[in-house]
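Step one of this worksheet: look at the structure below.
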Amino acid sequence: MTFPELYILRHGETEWNAEGRMQGALNSPLTQAGKQQARRQAEILQAIDLNGFQSFSSPQGRAFETAAIALTGTAAFVRTEDRLREIEVGEWSGKVRSTLAAPGEFADTPDGALELYERAPGGEGFAALEARCKSFLADLDGPAVLVTHGITSRMLRATVLGLGIPGLAEMPGGQGVVYHLKDGIQKRLT
């Protein structure tokens with residue numbers, strides 16, 4: 001399957017990110033560092049011709065706040081899209097990651113152990129996340145800027161690159177960056 005050209009942004013750092021908490025469907029406000037990261041994303045996007053691009057954001061506060069900052073001056077309006085929300089982590093929402101597993105039980109990633117997102121009691125799991133990401137991507141009818149979350153961003157990018165769930169661990173994370181995907185190639189813009 002081919003996909004339109006995409007720019008994918010993760011929301012800026014939140015208070016809970018700084019504390020190592022699982023957010024899922026819950027929300028915490030952007031930190032000052034998170035707002036600065038969104039301003040940096042705005043600088044990156046302002047140097048790109050986004051004429052003809054649609055803009056979408058997760059409706060969750062941290063992503064929408066990032067979109068409001070990062071897309072100022074480049075998007076006439078931003079549509080909220082529920083399928084861009086973060087993976088649901090059920091009973092682990094709001095809990096500190098380090099308390100959810102024994103030391104060394106999972107491989108560390110910048111976003112915490114990916115396995116935590118798959119194993120969260122009452123959580124969404126990767127298969128359901130992949131299905132909603134595929135559904136969203138299939139509905140896109142042209143190039144777009146997407147403002148989303150850490151795990152959802154990885155799943156979108158893994159899907160576009162044809163890597164699926166096994167490719168999640170290969171996807172770099174990071175806040176304050178923009179990922180450009182075109183013709184099956186991903187570039188990190190900083």
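Residues are named by chain letter and number: chains run A, B, ... in the order of the structure tokens, numbers start at 1 in each chain, and ligands are numbered from 1 in the order shown.
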
For this session: Apply DSSP to the structure's backbone, then extract all residues of chain A labelled strand (DSSP E or B) and return them as a ChimeraX atom specification.
Result: /A:6-10,14,21,30,54-57,79-80,96,144-148,178-182,185-189

Could you name the residues that touch Arg40 in chain A at 9 Å or less, counting only C-alpha atoms, but leaving out those on the same chain fewer than 4 positions away, as an mmCIF file with N, CA, C and O atoms, in the first residue's frame?
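Written out: part_11.cif:
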```cif
data_model
loop_
_atom_site.group_PDB
_atom_site.id
_atom_site.type_symbol
_atom_site.label_atom_id
_atom_site.label_comp_id
_atom_site.auth_asym_id
_atom_site.auth_seq_id
_atom_site.Cartn_x
_atom_site.Cartn_y
_atom_site.Cartn_z
ATOM 1 N N LYS A 35 6.738 23.017 25.808
ATOM 2 C CA LYS A 35 6.313 24.160 24.994
ATOM 3 C C LYS A 35 7.455 24.617 24.089
ATOM 4 O O LYS A 35 7.224 24.970 22.922
ATOM 5 N N GLN A 36 8.675 24.582 24.605
ATOM 6 C CA GLN A 36 9.832 24.941 23.781
ATOM 7 C C GLN A 36 10.024 23.923 22.657
ATOM 8 O O GLN A 36 10.365 24.289 21.537
ATOM 9 N N ILE A 44 10.736 24.224 12.451
ATOM 10 C CA ILE A 44 11.008 23.220 11.421
ATOM 11 C C ILE A 44 9.938 23.280 10.333
ATOM 12 O O ILE A 44 10.233 23.323 9.136
ATOM 13 N N LEU A 45 8.664 23.304 10.748
ATOM 14 C CA LEU A 45 7.563 23.279 9.787
ATOM 15 C C LEU A 45 7.471 24.572 8.985
ATOM 16 O O LEU A 45 7.084 24.551 7.807
ATOM 17 N N ALA A 70 2.871 24.318 17.372
ATOM 18 C CA ALA A 70 3.716 23.868 16.261
ATOM 19 C C ALA A 70 3.159 24.242 14.884
ATOM 20 O O ALA A 70 3.927 24.412 13.941
ATOM 21 N N GLY A 176 9.871 17.078 20.327
ATOM 22 C CA GLY A 176 10.482 18.240 19.723
ATOM 23 C C GLY A 176 11.099 17.969 18.368
ATOM 24 O O GLY A 176 11.854 18.784 17.856
ATOM 25 N N VAL A 177 10.794 16.827 17.778
ATOM 26 C CA VAL A 177 11.298 16.499 16.445
ATOM 27 C C VAL A 177 10.113 16.327 15.496
ATOM 28 O O VAL A 177 8.971 16.217 15.927
ATOM 29 N N THR A 190 15.411 17.946 12.591
ATOM 30 C CA THR A 190 15.668 18.609 13.878
ATOM 31 C C THR A 190 16.143 20.022 13.662
ATOM 32 O O THR A 190 16.507 20.410 12.587
#
```

Problem set entry | Who sits within 10 Å of range 124-128 of chain A, only C-alpha atoms, same chain under 2 positions skipped, as number ranges by chain | A: 24, 86-90, 114-122, 130-134, 151-152, 155, 164-166, 168

Counting only C-alpha atoms, what is within 9 Å of Asp183 in chain A, bar same-chain residues fewer than 3 positions away, as a PDB file with all heavy atoms, in the first residue's frame?
```
ATOM      1  N   THR A   2       0.497   2.237  -0.754  1.00  0.00           N
ATOM      2  CA  THR A   2       1.247   3.489  -0.763  1.00  0.00           C
ATOM      3  C   THR A   2       0.519   4.519   0.091  1.00  0.00           C
ATOM      4  O   THR A   2      -0.712   4.491   0.211  1.00  0.00           O
ATOM      5  CB  THR A   2       1.410   4.032  -2.193  1.00  0.00           C
ATOM      6  OG1 THR A   2       0.116   4.237  -2.751  1.00  0.00           O
ATOM      7  CG2 THR A   2       2.199   3.067  -3.064  1.00  0.00           C
ATOM      8  N   PHE A   3       1.290   5.407   0.661  1.00  0.00           N
ATOM      9  CA  PHE A   3       0.749   6.412   1.560  1.00  0.00           C
ATOM     10  C   PHE A   3       1.160   7.794   1.086  1.00  0.00           C
ATOM     11  O   PHE A   3       2.216   7.948   0.469  1.00  0.00           O
ATOM     12  CB  PHE A   3       1.264   6.180   2.983  1.00  0.00           C
ATOM     13  CG  PHE A   3       0.839   4.856   3.558  1.00  0.00           C
ATOM     14  CD1 PHE A   3       1.683   3.760   3.494  1.00  0.00           C
ATOM     15  CD2 PHE A   3      -0.407   4.710   4.135  1.00  0.00           C
ATOM     16  CE1 PHE A   3       1.293   2.530   4.013  1.00  0.00           C
ATOM     17  CE2 PHE A   3      -0.802   3.482   4.658  1.00  0.00           C
ATOM     18  CZ  PHE A   3       0.047   2.394   4.600  1.00  0.00           C
ATOM     19  N   PRO A   4       0.351   8.804   1.399  1.00  0.00           N
ATOM     20  CA  PRO A   4       0.742  10.162   1.029  1.00  0.00           C
ATOM     21  C   PRO A   4       1.923  10.645   1.875  1.00  0.00           C
ATOM     22  O   PRO A   4       2.267  10.042   2.898  1.00  0.00           O
ATOM     23  CB  PRO A   4      -0.510  10.988   1.316  1.00  0.00           C
ATOM     24  CG  PRO A   4      -1.280  10.203   2.318  1.00  0.00           C
ATOM     25  CD  PRO A   4      -0.944   8.758   2.067  1.00  0.00           C
ATOM     26  N   GLU A   5       2.523  11.720   1.440  1.00  0.00           N
ATOM     27  CA  GLU A   5       3.619  12.334   2.200  1.00  0.00           C
ATOM     28  C   GLU A   5       3.095  12.781   3.559  1.00  0.00           C
ATOM     29  O   GLU A   5       2.009  13.358   3.671  1.00  0.00           O
ATOM     30  CB  GLU A   5       4.152  13.532   1.417  1.00  0.00           C
ATOM     31  CG  GLU A   5       5.325  14.218   2.069  1.00  0.00           C
ATOM     32  CD  GLU A   5       5.897  15.342   1.209  1.00  0.00           C
ATOM     33  OE1 GLU A   5       5.317  15.667   0.153  1.00  0.00           O
ATOM     34  OE2 GLU A   5       6.929  15.893   1.616  1.00  0.00           O
ATOM     35  N   LEU A 161       6.048   2.441   6.815  1.00  0.00           N
ATOM     36  CA  LEU A 161       7.294   1.841   6.339  1.00  0.00           C
ATOM     37  C   LEU A 161       7.185   0.331   6.096  1.00  0.00           C
ATOM     38  O   LEU A 161       8.163  -0.314   5.726  1.00  0.00           O
ATOM     39  CB  LEU A 161       8.429   2.136   7.319  1.00  0.00           C
ATOM     40  CG  LEU A 161       8.763   3.630   7.477  1.00  0.00           C
ATOM     41  CD1 LEU A 161       9.776   3.838   8.592  1.00  0.00           C
ATOM     42  CD2 LEU A 161       9.248   4.223   6.165  1.00  0.00           C
ATOM     43  N   GLN A 186      11.908   7.383   5.842  1.00  0.00           N
ATOM     44  CA  GLN A 186      11.683   8.231   7.017  1.00  0.00           C
ATOM     45  C   GLN A 186      12.920   9.067   7.284  1.00  0.00           C
ATOM     46  O   GLN A 186      14.035   8.541   7.295  1.00  0.00           O
ATOM     47  CB  GLN A 186      11.383   7.350   8.237  1.00  0.00           C
ATOM     48  CG  GLN A 186      11.328   8.124   9.543  1.00  0.00           C
ATOM     49  CD  GLN A 186      11.029   7.219  10.711  1.00  0.00           C
ATOM     50  OE1 GLN A 186       9.916   7.170  11.168  1.00  0.00           O
ATOM     51  NE2 GLN A 186      12.028   6.484  11.184  1.00  0.00           N
TER      52      GLN A 186
END
```

Problem set entry | Selected residue, from A:Ser28, A:Asp82, A:Ile185, A:Arg154, that lies nearest to Pro172 in chain A when counting only C-alpha atoms | A:Arg154
